[in-house]
Amino acid sequence: MKENNLLIPGPAPVPDAVARAMSSEMFNHRGPRFKKIIEESTAALKEVFQTRGRLYILTSSGTGAMEAAIVNFLSPGERVLSLVNGSFGDRFATIAGVYGAAVERLETPWGQPLDYEALETKLREDVEHTLRAITVVHNESSTGMLNDLERISRVCGDHPALLIVDTVSSMGAVDLPVDRWGIDVCVTGSQKALLLPPGLSFIGVSEKAWLAAAEAKMPRYYFDLRKAQEYLEKGQTPFTPALSLCVALREGLQLYFAEGRQNCYARHRRMAAAVRAAAGALGLEPLVKDLQQASPTVTALRAPASIKVDQLREEMRRRFGVEIAGGQGELEGQIFRFGHLGAVTESALLAGIEALELSLQTLGYPVERGRAVAAGKEAIRTGLRPAAGGRK
Ligand code: PLP
């Protein structure tokens with residue numbers, strides 16, 4: 001078994017070729033080599049995002065792009081409706097509030113679906129169109145809930161509010177047609193499904209949002225996308241980019257498209273199915289019960305009453321080199337989470353499931369040895385469907 005079998009919801013493991021690319025020598029970030037990298041990578045990322053809109057590569061973690069998604073498009077005092085059913089939904093609302101937006105939260109308990117009907121009512125009641133933006137997290141990594149973005153996009157219809165979406169733990173792993181779903185601002189990070197270490201974030205911007213940016217009055221400097229646009233026209237970024245990561249990005253995107261988008265989506269679905277099947281065999285309950293709403297990249301399981309999450313994680317780490325995550329915020333101590341995204345392989349995941357089984361047994365939880373791994377393997381086997389690679 002690997003010594004560091006990283007099964008957390010990001011950072012995800014990176015392919016060897018990406019790690020090697022990271023050791024590139026330094027070069028001029030205002031020269032032709034970087035120009036080629038940024039132009040090619042921006043174009044390839046637009047394919048991942050399924051957008052013809054604007055796209056910027058930022059040197060920051062995902063939260064930086066979330067901040068950029070707020071400060072570039074809004075003014076203090078403007079009404080923002082934040083859909084919250086987990087810690088990252090809460091973070092989006094908090095950022096908007098910090099910059100002076102009048103934030104209303106549409107909250108449902110963590111791990112429960114969003115209140116789509118209440119959203120519809122809010123939008124219908126907003127006859128004067130004072131609501132300027134809706135923030136939502138597509139894949140709530142804190143709970144393993146894949147929010148129904150297509151439905152949200154339908155509910156928003158032709159209301160003029162900007163649809164601002166965090167796709168940090170879904171972009172690349174889940175079909176997410178940014179333009180077709182009318183997403184105005186879409187942010188993601190490098191360290192999840194896009195096969196890179198942490199440190200870059202990406203933000204897609206629709207023309208409607210770009211027009212709003214010209215009017216927006218929130219303070220911004222590092223994340224000012226008008227500057228990003230001005231420099232992109234020269235094949236540059238306004239400030240020194242994380243050059244090593246930018247070199248690795250091109251490598252990662254090549255690997256991503258060599259696997260093919262549809263294959264990548266299917267692989268993530270299979271891995272989620274394997275964890276759920278294993279959980280079923282162990283008598284563990286997923287936090288998100290409805291399979292339709294379960295994330296393909298992160299699965300949260302409720303800890304049995306007799307098991308302390310910290311002890312379980314420690315046992316898995318110490319004996320098997322397997323890293324899983326605990327719960328965040330109000331779910332701390334109640335759940336543990338498997339991340340199965342990016343370069344996590346099915347065999348690494350099965351090793352993680354075996355480690356879970358053995359660790360639970362050591363901690364006194366009754367386990368029928370081998371059943372969870374067998375169930376996981378079967379879910380992978382039945383989910384296997386060969387498809388052609390490529391950019392479809
Ligand atoms: N949004 C989601 C859904 C995430 O999973 C994360 C990170 O785990 C973030 C935002 C924040 O990203 P970062 O930690 O890169 O700032």
# chains A, B, ... in the order shown; residues from 1 in each chain; ligands from 1

$ closest_atom_pairs --of "chain A" --to "ligand 1" --cutoff "8 Å" --atoms "only C-alpha atoms and all ligand atoms" --output "JSON lines"
{"residue": "A:Pro9", "atom": "CA", "partner": "ligand 1", "partner_atom_place_in_ligand_line": "8 (O)", "distance": 6.5}
{"residue": "A:Gly10", "atom": "CA", "partner": "ligand 1", "partner_atom_place_in_ligand_line": "8 (O)", "distance": 6.0}
{"residue": "A:Pro11", "atom": "CA", "partner": "ligand 1", "partner_atom_place_in_ligand_line": "8 (O)", "distance": 7.7}
{"residue": "A:Ser60", "atom": "CA", "partner": "ligand 1", "partner_atom_place_in_ligand_line": "15 (O)", "distance": 7.5}
{"residue": "A:Ser61", "atom": "CA", "partner": "ligand 1", "partner_atom_place_in_ligand_line": "15 (O)", "distance": 3.8}
{"residue": "A:Gly62", "atom": "CA", "partner": "ligand 1", "partner_atom_place_in_ligand_line": "15 (O)", "distance": 3.5}
{"residue": "A:Thr63", "atom": "CA", "partner": "ligand 1", "partner_atom_place_in_ligand_line": "16 (O)", "distance": 3.6}
{"residue": "A:Gly64", "atom": "CA", "partner": "ligand 1", "partner_atom_place_in_ligand_line": "16 (O)", "distance": 6.4}
{"residue": "A:Met66", "atom": "CA", "partner": "ligand 1", "partner_atom_place_in_ligand_line": "10 (C)", "distance": 7.4}
{"residue": "A:Phe88", "atom": "CA", "partner": "ligand 1", "partner_atom_place_in_ligand_line": "1 (N)", "distance": 5.1}
{"residue": "A:Gly89", "atom": "CA", "partner": "ligand 1", "partner_atom_place_in_ligand_line": "1 (N)", "distance": 7.8}
{"residue": "A:Arg91", "atom": "CA", "partner": "ligand 1", "partner_atom_place_in_ligand_line": "10 (C)", "distance": 7.9}
{"residue": "A:Val137", "atom": "CA", "partner": "ligand 1", "partner_atom_place_in_ligand_line": "3 (C)", "distance": 6.1}
{"residue": "A:His138", "atom": "CA", "partner": "ligand 1", "partner_atom_place_in_ligand_line": "3 (C)", "distance": 7.2}
{"residue": "A:Asn139", "atom": "CA", "partner": "ligand 1", "partner_atom_place_in_ligand_line": "3 (C)", "distance": 5.7}
{"residue": "A:Glu140", "atom": "CA", "partner": "ligand 1", "partner_atom_place_in_ligand_line": "3 (C)", "distance": 5.0}
{"residue": "A:Ser141", "atom": "CA", "partner": "ligand 1", "partner_atom_place_in_ligand_line": "5 (O)", "distance": 4.6}
{"residue": "A:Ser142", "atom": "CA", "partner": "ligand 1", "partner_atom_place_in_ligand_line": "5 (O)", "distance": 7.0}
{"residue": "A:Asp166", "atom": "CA", "partner": "ligand 1", "partner_atom_place_in_ligand_line": "1 (N)", "distance": 5.8}
{"residue": "A:Thr167", "atom": "CA", "partner": "ligand 1", "partner_atom_place_in_ligand_line": "3 (C)", "distance": 6.2}
{"residue": "A:Val168", "atom": "CA", "partner": "ligand 1", "partner_atom_place_in_ligand_line": "2 (C)", "distance": 4.7}
{"residue": "A:Ser169", "atom": "CA", "partner": "ligand 1", "partner_atom_place_in_ligand_line": "5 (O)", "distance": 5.0}
{"residue": "A:Ser170", "atom": "CA", "partner": "ligand 1", "partner_atom_place_in_ligand_line": "3 (C)", "distance": 7.7}
{"residue": "A:Thr188", "atom": "CA", "partner": "ligand 1", "partner_atom_place_in_ligand_line": "1 (N)", "distance": 7.6}
{"residue": "A:Gly189", "atom": "CA", "partner": "ligand 1", "partner_atom_place_in_ligand_line": "15 (O)", "distance": 5.7}
{"residue": "A:Ser190", "atom": "CA", "partner": "ligand 1", "partner_atom_place_in_ligand_line": "15 (O)", "distance": 7.7}
{"residue": "A:Gln191", "atom": "CA", "partner": "ligand 1", "partner_atom_place_in_ligand_line": "15 (O)", "distance": 7.1}
{"residue": "A:Pro198", "atom": "CA", "partner": "ligand 1", "partner_atom_place_in_ligand_line": "15 (O)", "distance": 6.5}
{"residue": "A:Gly199", "atom": "CA", "partner": "ligand 1", "partner_atom_place_in_ligand_line": "15 (O)", "distance": 7.3}
{"residue": "A:Ser201", "atom": "CA", "partner": "ligand 1", "partner_atom_place_in_ligand_line": "15 (O)", "distance": 7.6}

$ write_last_selection --atoms "N, CA, C and O atoms" --output "tab-separated table (two decimals), in the first residue's frame"
chain	number	residue	atom	x	y	z
A	9	PRO	N	-10.86	15.45	0.44
A	9	PRO	CA	-11.48	16.22	-0.65
A	9	PRO	C	-10.59	17.35	-1.15
A	9	PRO	O	-11.02	18.49	-1.28
A	10	GLY	N	-9.37	17.08	-1.40
A	10	GLY	CA	-8.42	18.05	-1.92
A	10	GLY	C	-7.56	18.62	-0.80
A	10	GLY	O	-8.07	18.80	0.30
A	11	PRO	N	-6.26	18.87	-1.05
A	11	PRO	CA	-5.64	18.59	-2.34
A	11	PRO	C	-5.67	17.10	-2.67
A	11	PRO	O	-5.50	16.27	-1.79
A	60	SER	N	-3.75	31.89	-6.65
A	60	SER	CA	-4.39	31.92	-5.33
A	60	SER	C	-5.03	30.56	-5.10
A	60	SER	O	-5.18	29.78	-6.04
A	61	SER	N	-5.45	30.30	-3.90
A	61	SER	CA	-6.25	29.10	-3.67
A	61	SER	C	-7.69	29.40	-4.13
A	61	SER	O	-7.99	30.53	-4.57
A	62	GLY	N	-8.55	28.43	-4.02
A	62	GLY	CA	-9.92	28.60	-4.50
A	62	GLY	C	-10.65	29.77	-3.85
A	62	GLY	O	-11.44	30.47	-4.49
A	63	THR	N	-10.34	30.01	-2.59
A	63	THR	CA	-11.03	31.09	-1.87
A	63	THR	C	-10.71	32.45	-2.49
A	63	THR	O	-11.56	33.35	-2.50
A	64	GLY	N	-9.51	32.59	-3.03
A	64	GLY	CA	-9.16	33.84	-3.71
A	64	GLY	C	-10.09	34.08	-4.89
A	64	GLY	O	-10.57	35.21	-5.12
A	66	MET	N	-13.07	32.90	-5.13
A	66	MET	CA	-14.39	33.23	-4.58
A	66	MET	C	-14.46	34.72	-4.27
A	66	MET	O	-15.45	35.40	-4.56
A	88	PHE	N	-18.90	25.73	2.66
A	88	PHE	CA	-18.42	26.61	1.58
A	88	PHE	C	-19.50	27.57	1.10
A	88	PHE	O	-19.21	28.70	0.70
A	89	GLY	N	-20.75	27.14	1.20
A	89	GLY	CA	-21.86	28.06	0.94
A	89	GLY	C	-21.83	29.19	1.95
A	89	GLY	O	-22.03	30.36	1.63
A	91	ARG	N	-19.16	30.21	3.45
A	91	ARG	CA	-18.00	31.06	3.16
A	91	ARG	C	-18.33	32.12	2.10
A	91	ARG	O	-17.95	33.28	2.21
A	137	VAL	N	-22.81	27.00	-4.07
A	137	VAL	CA	-21.71	26.04	-4.24
A	137	VAL	C	-22.27	24.83	-4.98
A	137	VAL	O	-23.27	24.26	-4.55
A	138	HIS	N	-21.65	24.48	-6.08
A	138	HIS	CA	-22.16	23.33	-6.85
A	138	HIS	C	-21.99	22.05	-6.04
A	138	HIS	O	-22.98	21.37	-5.74
A	139	ASN	N	-20.76	21.76	-5.68
A	139	ASN	CA	-20.48	20.51	-4.96
A	139	ASN	C	-20.01	20.89	-3.56
A	139	ASN	O	-18.89	21.38	-3.39
A	140	GLU	N	-20.86	20.70	-2.57
A	140	GLU	CA	-20.55	21.11	-1.20
A	140	GLU	C	-19.61	20.07	-0.60
A	140	GLU	O	-20.04	19.01	-0.13
A	141	SER	N	-18.32	20.36	-0.63
A	141	SER	CA	-17.33	19.37	-0.18
A	141	SER	C	-17.47	19.04	1.30
A	141	SER	O	-17.00	18.01	1.75
A	142	SER	N	-18.08	19.95	2.07
A	142	SER	CA	-18.19	19.69	3.51
A	142	SER	C	-19.21	18.61	3.83
A	142	SER	O	-19.20	18.05	4.91
A	166	ASP	N	-19.52	28.46	-7.07
A	166	ASP	CA	-18.28	27.81	-6.64
A	166	ASP	C	-18.32	26.37	-7.17
A	166	ASP	O	-19.18	25.59	-6.77
A	167	THR	N	-17.39	26.07	-8.07
A	167	THR	CA	-17.31	24.70	-8.59
A	167	THR	C	-15.94	24.11	-8.22
A	167	THR	O	-15.39	23.30	-8.96
A	168	VAL	N	-15.44	24.52	-7.07
A	168	VAL	CA	-14.06	24.15	-6.70
A	168	VAL	C	-13.88	22.63	-6.69
A	168	VAL	O	-12.87	22.12	-7.17
A	169	SER	N	-14.86	21.90	-6.16
A	169	SER	CA	-14.65	20.45	-6.08
A	169	SER	C	-15.48	19.67	-7.09
A	169	SER	O	-15.68	18.47	-6.94
A	170	SER	N	-15.98	20.36	-8.12
A	170	SER	CA	-16.72	19.62	-9.16
A	170	SER	C	-16.18	19.86	-10.56
A	170	SER	O	-16.24	18.95	-11.41
A	188	THR	N	-13.14	27.92	-9.73
A	188	THR	CA	-12.64	26.63	-9.30
A	188	THR	C	-11.17	26.74	-8.89
A	188	THR	O	-10.55	27.79	-9.07
A	189	GLY	N	-10.65	25.65	-8.33
A	189	GLY	CA	-9.26	25.64	-7.87
A	189	GLY	C	-8.47	24.54	-8.56
A	189	GLY	O	-9.06	23.62	-9.15
A	190	SER	N	-7.16	24.63	-8.46
A	190	SER	CA	-6.31	23.69	-9.22
A	190	SER	C	-6.18	22.33	-8.56
A	190	SER	O	-5.84	21.35	-9.20
A	191	GLN	N	-6.43	22.26	-7.24
A	191	GLN	CA	-5.98	21.08	-6.47
A	191	GLN	C	-7.02	19.98	-6.32
A	191	GLN	O	-6.85	19.10	-5.50
A	198	PRO	N	-2.26	22.61	-5.08
A	198	PRO	CA	-2.95	23.87	-4.79
A	198	PRO	C	-2.12	25.06	-5.24
A	198	PRO	O	-0.89	24.97	-5.33
A	199	GLY	N	-2.78	26.19	-5.50
A	199	GLY	CA	-2.05	27.42	-5.77
A	199	GLY	C	-2.53	28.22	-6.95
A	199	GLY	O	-2.23	29.39	-7.09
A	201	SER	N	-6.12	29.29	-9.21
A	201	SER	CA	-7.58	29.22	-9.28
A	201	SER	C	-7.99	29.79	-10.63
A	201	SER	O	-7.21	30.49	-11.30

$ select_by_dssp --residues "segment 211-261 of chain A" --states "helix (DSSP H, G or I)" --output "ChimeraX atom specification"
/A:211-215,225-232,243-259,261

$ write_last_selection --atoms "N, CA, C and O atoms" --output "compact mmCIF listing (two decimals), in the first residue's frame"
# COMPACT_ATOMS: atom_id res chain seq x y z
N LEU A 211 -20.14 43.17 -18.01
CA LEU A 211 -20.76 44.50 -18.02
C LEU A 211 -20.97 44.99 -16.59
O LEU A 211 -20.75 46.17 -16.28
N ALA A 212 -21.39 44.06 -15.72
CA ALA A 212 -21.60 44.45 -14.31
C ALA A 212 -20.27 44.87 -13.67
O ALA A 212 -20.23 45.75 -12.80
N ALA A 213 -19.17 44.27 -14.12
CA ALA A 213 -17.85 44.58 -13.53
C ALA A 213 -17.49 46.06 -13.74
O ALA A 213 -16.83 46.68 -12.90
N ALA A 214 -17.95 46.61 -14.85
CA ALA A 214 -17.62 48.01 -15.14
C ALA A 214 -18.30 48.95 -14.14
O ALA A 214 -17.80 50.06 -13.88
N GLU A 215 -19.43 48.51 -13.57
CA GLU A 215 -20.18 49.36 -12.63
C GLU A 215 -19.83 49.05 -11.17
O GLU A 215 -20.17 49.83 -10.28
N LEU A 225 -10.15 42.00 -12.01
CA LEU A 225 -10.14 41.27 -13.29
C LEU A 225 -10.00 42.19 -14.50
O LEU A 225 -9.67 41.73 -15.59
N ARG A 226 -10.24 43.49 -14.30
CA ARG A 226 -9.98 44.41 -15.43
C ARG A 226 -8.48 44.41 -15.74
O ARG A 226 -8.07 44.43 -16.90
N LYS A 227 -7.68 44.35 -14.68
CA LYS A 227 -6.22 44.27 -14.89
C LYS A 227 -5.85 42.91 -15.50
O LYS A 227 -4.99 42.82 -16.37
N ALA A 228 -6.52 41.86 -15.02
CA ALA A 228 -6.22 40.51 -15.56
C ALA A 228 -6.50 40.49 -17.06
O ALA A 228 -5.73 39.93 -17.85
N GLN A 229 -7.58 41.15 -17.47
CA GLN A 229 -7.93 41.19 -18.90
C GLN A 229 -6.88 41.98 -19.70
O GLN A 229 -6.42 41.54 -20.76
N GLU A 230 -6.52 43.12 -19.15
CA GLU A 230 -5.54 43.98 -19.84
C GLU A 230 -4.22 43.22 -20.08
O GLU A 230 -3.65 43.27 -21.17
N TYR A 231 -3.79 42.48 -19.05
CA TYR A 231 -2.53 41.75 -19.18
C TYR A 231 -2.67 40.49 -20.04
O TYR A 231 -1.74 40.12 -20.75
N LEU A 232 -3.85 39.87 -19.95
CA LEU A 232 -4.04 38.66 -20.76
C LEU A 232 -3.91 38.99 -22.25
O LEU A 232 -3.41 38.19 -23.03
N LEU A 243 4.69 30.34 -11.50
CA LEU A 243 5.17 29.82 -12.79
C LEU A 243 5.23 28.30 -12.85
O LEU A 243 4.83 27.69 -13.85
N SER A 244 5.73 27.66 -11.78
CA SER A 244 5.86 26.20 -11.80
C SER A 244 4.49 25.55 -11.98
O SER A 244 4.34 24.56 -12.69
N LEU A 245 3.51 26.14 -11.31
CA LEU A 245 2.16 25.59 -11.43
C LEU A 245 1.60 25.81 -12.83
O LEU A 245 0.85 24.98 -13.35
N CYS A 246 1.96 26.93 -13.42
CA CYS A 246 1.45 27.20 -14.78
C CYS A 246 2.04 26.20 -15.78
O CYS A 246 1.36 25.77 -16.71
N VAL A 247 3.31 25.83 -15.58
CA VAL A 247 3.91 24.81 -16.46
C VAL A 247 3.18 23.48 -16.24
O VAL A 247 2.82 22.77 -17.18
N ALA A 248 2.94 23.17 -14.96
CA ALA A 248 2.27 21.91 -14.63
C ALA A 248 0.82 21.90 -15.13
O ALA A 248 0.29 20.85 -15.50
N LEU A 249 0.22 23.07 -15.18
CA LEU A 249 -1.18 23.16 -15.63
C LEU A 249 -1.34 22.62 -17.05
O LEU A 249 -2.26 21.87 -17.35
N ARG A 250 -0.39 23.03 -17.90
CA ARG A 250 -0.48 22.57 -19.29
C ARG A 250 -0.38 21.04 -19.36
O ARG A 250 -1.12 20.38 -20.07
N GLU A 251 0.51 20.50 -18.56
CA GLU A 251 0.69 19.04 -18.49
C GLU A 251 -0.59 18.37 -17.97
O GLU A 251 -1.08 17.40 -18.55
N GLY A 252 -1.13 18.93 -16.90
CA GLY A 252 -2.35 18.37 -16.29
C GLY A 252 -3.51 18.38 -17.26
O GLY A 252 -4.27 17.41 -17.37
N LEU A 253 -3.65 19.49 -18.00
CA LEU A 253 -4.77 19.59 -18.94
C LEU A 253 -4.62 18.59 -20.09
O LEU A 253 -5.59 18.02 -20.56
N GLN A 254 -3.34 18.37 -20.49
CA GLN A 254 -3.13 17.36 -21.55
C GLN A 254 -3.56 15.98 -21.06
O GLN A 254 -4.23 15.24 -21.78
N LEU A 255 -3.20 15.66 -19.82
CA LEU A 255 -3.60 14.35 -19.27
C LEU A 255 -5.12 14.27 -19.13
O LEU A 255 -5.73 13.24 -19.39
N TYR A 256 -5.69 15.39 -18.72
CA TYR A 256 -7.15 15.43 -18.54
C TYR A 256 -7.86 15.11 -19.86
O TYR A 256 -8.75 14.27 -19.93
N PHE A 257 -7.42 15.76 -20.93
CA PHE A 257 -8.10 15.54 -22.22
C PHE A 257 -7.71 14.20 -22.84
O PHE A 257 -8.46 13.65 -23.63
N ALA A 258 -6.55 13.67 -22.45
CA ALA A 258 -6.19 12.32 -22.95
C ALA A 258 -7.14 11.29 -22.35
O ALA A 258 -7.55 10.34 -23.02
N GLU A 259 -7.52 11.47 -21.11
CA GLU A 259 -8.52 10.56 -20.52
C GLU A 259 -9.88 10.80 -21.18
O GLU A 259 -10.61 9.86 -21.46
N ARG A 261 -13.20 13.86 -21.29
CA ARG A 261 -14.12 14.39 -20.27
C ARG A 261 -15.13 13.36 -19.80
O ARG A 261 -15.33 13.17 -18.61

$ residues_around --residues "Gly77 of chain A" --least-positions-apart "4" --cutoff "12 Å" --atoms "only C-alpha atoms" --output "MDAnalysis selection string"
chainID A and resid 96:104 130:133 216:218

$ closest_atom_pairs --of "segment 144-217 of chain A" --to "segment 42-45 of chain A" --cutoff "10 Å" --atoms "only C-alpha atoms" --output "JSON lines"
{"residue": "A:Gly172", "atom": "CA", "partner": "A:Leu45", "partner_atom": "CA", "distance": 9.4}
{"residue": "A:Leu194", "atom": "CA", "partner": "A:Leu45", "partner_atom": "CA", "distance": 9.7}
{"residue": "A:Phe202", "atom": "CA", "partner": "A:Leu45", "partner_atom": "CA", "distance": 8.3}
{"residue": "A:Ile203", "atom": "CA", "partner": "A:Leu45", "partner_atom": "CA", "distance": 9.7}
{"residue": "A:Gly204", "atom": "CA", "partner": "A:Leu45", "partner_atom": "CA", "distance": 9.2}

$ residues_around --residues "Trp110 of chain A" --least-positions-apart "5" --cutoff "7 Å" --atoms "only C-alpha atoms" --output "MDAnalysis selection string"
chainID A and resid 85:86 143

$ select_by_dssp --residues "segment 19-87 of chain A" --states "strand (DSSP E or B)" --output "list in words"
Arg54, Leu55, Tyr56, Ile57, Leu58, Thr59, Arg79, Val80, Leu81, Ser82, Leu83 and Val84 of chain A

$ write_last_selection --atoms "N, CA, C and O atoms" --output "short mmCIF file (atom, residue, chain, number, x, y, z; two decimals), in the first residue's frame"
data_model
loop_
_atom_site.label_atom_id
_atom_site.label_comp_id
_atom_site.auth_asym_id
_atom_site.auth_seq_id
_atom_site.Cartn_x
_atom_site.Cartn_y
_atom_site.Cartn_z
N ARG A 54 -15.24 34.72 -20.92
CA ARG A 54 -13.87 35.06 -20.49
C ARG A 54 -13.42 34.09 -19.41
O ARG A 54 -14.25 33.56 -18.66
N LEU A 55 -12.12 33.91 -19.32
CA LEU A 55 -11.58 33.04 -18.27
C LEU A 55 -10.20 33.55 -17.84
O LEU A 55 -9.38 33.90 -18.69
N TYR A 56 -10.01 33.62 -16.53
CA TYR A 56 -8.73 34.12 -16.02
C TYR A 56 -8.10 33.10 -15.08
O TYR A 56 -8.79 32.42 -14.31
N ILE A 57 -6.77 33.04 -15.17
CA ILE A 57 -5.99 32.16 -14.30
C ILE A 57 -5.39 33.03 -13.19
O ILE A 57 -4.69 34.00 -13.47
N LEU A 58 -5.72 32.70 -11.96
CA LEU A 58 -5.23 33.51 -10.83
C LEU A 58 -4.26 32.69 -10.00
O LEU A 58 -4.39 31.48 -9.89
N THR A 59 -3.29 33.39 -9.41
CA THR A 59 -2.40 32.71 -8.46
C THR A 59 -3.01 32.89 -7.08
O THR A 59 -2.87 33.95 -6.45
N ARG A 79 -28.01 43.79 -2.91
CA ARG A 79 -28.61 42.56 -2.35
C ARG A 79 -28.03 41.31 -3.01
O ARG A 79 -28.00 41.19 -4.24
N VAL A 80 -27.61 40.40 -2.15
CA VAL A 80 -27.09 39.11 -2.62
C VAL A 80 -27.84 38.01 -1.89
O VAL A 80 -28.01 38.08 -0.66
N LEU A 81 -28.30 37.02 -2.63
CA LEU A 81 -28.95 35.87 -2.01
C LEU A 81 -27.96 34.71 -2.02
O LEU A 81 -27.51 34.28 -3.09
N SER A 82 -27.62 34.23 -0.83
CA SER A 82 -26.64 33.14 -0.75
C SER A 82 -27.34 31.85 -0.34
O SER A 82 -27.99 31.79 0.69
N LEU A 83 -27.18 30.84 -1.19
CA LEU A 83 -27.75 29.53 -0.88
C LEU A 83 -26.72 28.77 -0.05
O LEU A 83 -25.58 28.62 -0.48
N VAL A 84 -27.14 28.33 1.12
CA VAL A 84 -26.18 27.75 2.07
C VAL A 84 -26.68 26.41 2.58
O VAL A 84 -27.73 26.33 3.20
#

$ closest_residue --among "A:Ala375, A:Val309, A:Met316, A:Met145" --to "Asn4 of chain A" --atoms "only C-alpha atoms"
A:Met316

$ closest_residue --among "A:Asn5, A:Thr237, A:Ser359, A:Thr297" --to "Glu39 of chain A" --atoms "only C-alpha atoms"
A:Thr237

$ atom_distance --atom1 "atom CA of Pro296 of chain A" --atom2 "atom CA of Glu368 of chain A"
26.3 Å

$ residues_around --residues "segment 342-352 of chain A" --least-positions-apart "4" --cutoff "7 Å" --atoms "only C-alpha atoms" --output "ChimeraX atom specification"
/A:5,12-15,192-195,271,322,356,373,376

$ residues_around --residues "Arg371 of chain A" --least-positions-apart "4" --cutoff "8 Å" --atoms "only C-alpha atoms" --output "PyMOL selection string"
chain A and resi 278+281-282+375

$ atom_distance --atom1 "atom CA of Gly144 of chain A" --atom2 "atom CA of Ile164 of chain A"
19.8 Å

$ residues_around --residues "segment 153-157 of chain A" --least-positions-apart "6" --cutoff "12 Å" --atoms "only C-alpha atoms" --output "PyMOL selection string"
chain A and resi 81+115-124+126+129+131-136+138+147+163-165+176-184

$ closest_residue --among "A:Asp290, A:Glu357, A:Asp90, A:Glu128" --to "Phe320 of chain A" --atoms "only C-alpha atoms"
A:Glu357

$ closest_residue --among "A:Lys377, A:Lys46, A:His159, A:Arg52" --to "Ala272 of chain A" --atoms "only C-alpha atoms"
A:Lys377

$ closest_residue --among "A:Thr108, A:Gln293, A:Thr51, A:Ala173" --to "Cys186 of chain A" --atoms "only C-alpha atoms"
A:Thr51

$ decode --residues "segment 13-17 of chain A" --atoms "all heavy atoms" --output "CSV table (one decimal), in the first residue's frame"
chain,number,residue,atom,x,y,z
A,13,PRO,N,-4.2,13.8,-5.0
A,13,PRO,CA,-2.8,13.4,-5.5
A,13,PRO,C,-2.7,13.9,-7.0
A,13,PRO,O,-3.6,14.2,-7.7
A,13,PRO,CB,-2.9,11.9,-5.6
A,13,PRO,CG,-4.2,11.5,-5.0
A,13,PRO,CD,-5.1,12.7,-4.8
A,14,VAL,N,-1.4,14.1,-7.4
A,14,VAL,CA,-1.2,14.6,-8.7
A,14,VAL,C,-0.4,13.5,-9.5
A,14,VAL,O,0.4,12.8,-8.9
A,14,VAL,CB,-0.4,15.9,-8.8
A,14,VAL,CG1,-1.2,17.1,-8.1
A,14,VAL,CG2,1.0,15.8,-8.2
A,15,PRO,N,-0.6,13.4,-10.8
A,15,PRO,CA,0.1,12.5,-11.6
A,15,PRO,C,1.6,12.8,-11.6
A,15,PRO,O,2.0,14.0,-11.5
A,15,PRO,CB,-0.4,12.7,-13.0
A,15,PRO,CG,-1.7,13.4,-12.9
A,15,PRO,CD,-1.6,14.2,-11.6
A,16,ASP,N,2.5,11.8,-11.8
A,16,ASP,CA,3.9,12.0,-11.8
A,16,ASP,C,4.3,13.0,-12.8
A,16,ASP,O,5.2,13.8,-12.6
A,16,ASP,CB,4.6,10.6,-12.1
A,16,ASP,CG,4.4,9.7,-10.9
A,16,ASP,OD1,4.0,10.1,-9.8
A,16,ASP,OD2,4.7,8.5,-11.1
A,17,ALA,N,3.7,13.0,-14.0
A,17,ALA,CA,4.2,13.9,-15.1
A,17,ALA,C,3.9,15.4,-14.6
A,17,ALA,O,4.7,16.3,-15.0
A,17,ALA,CB,3.4,13.6,-16.4
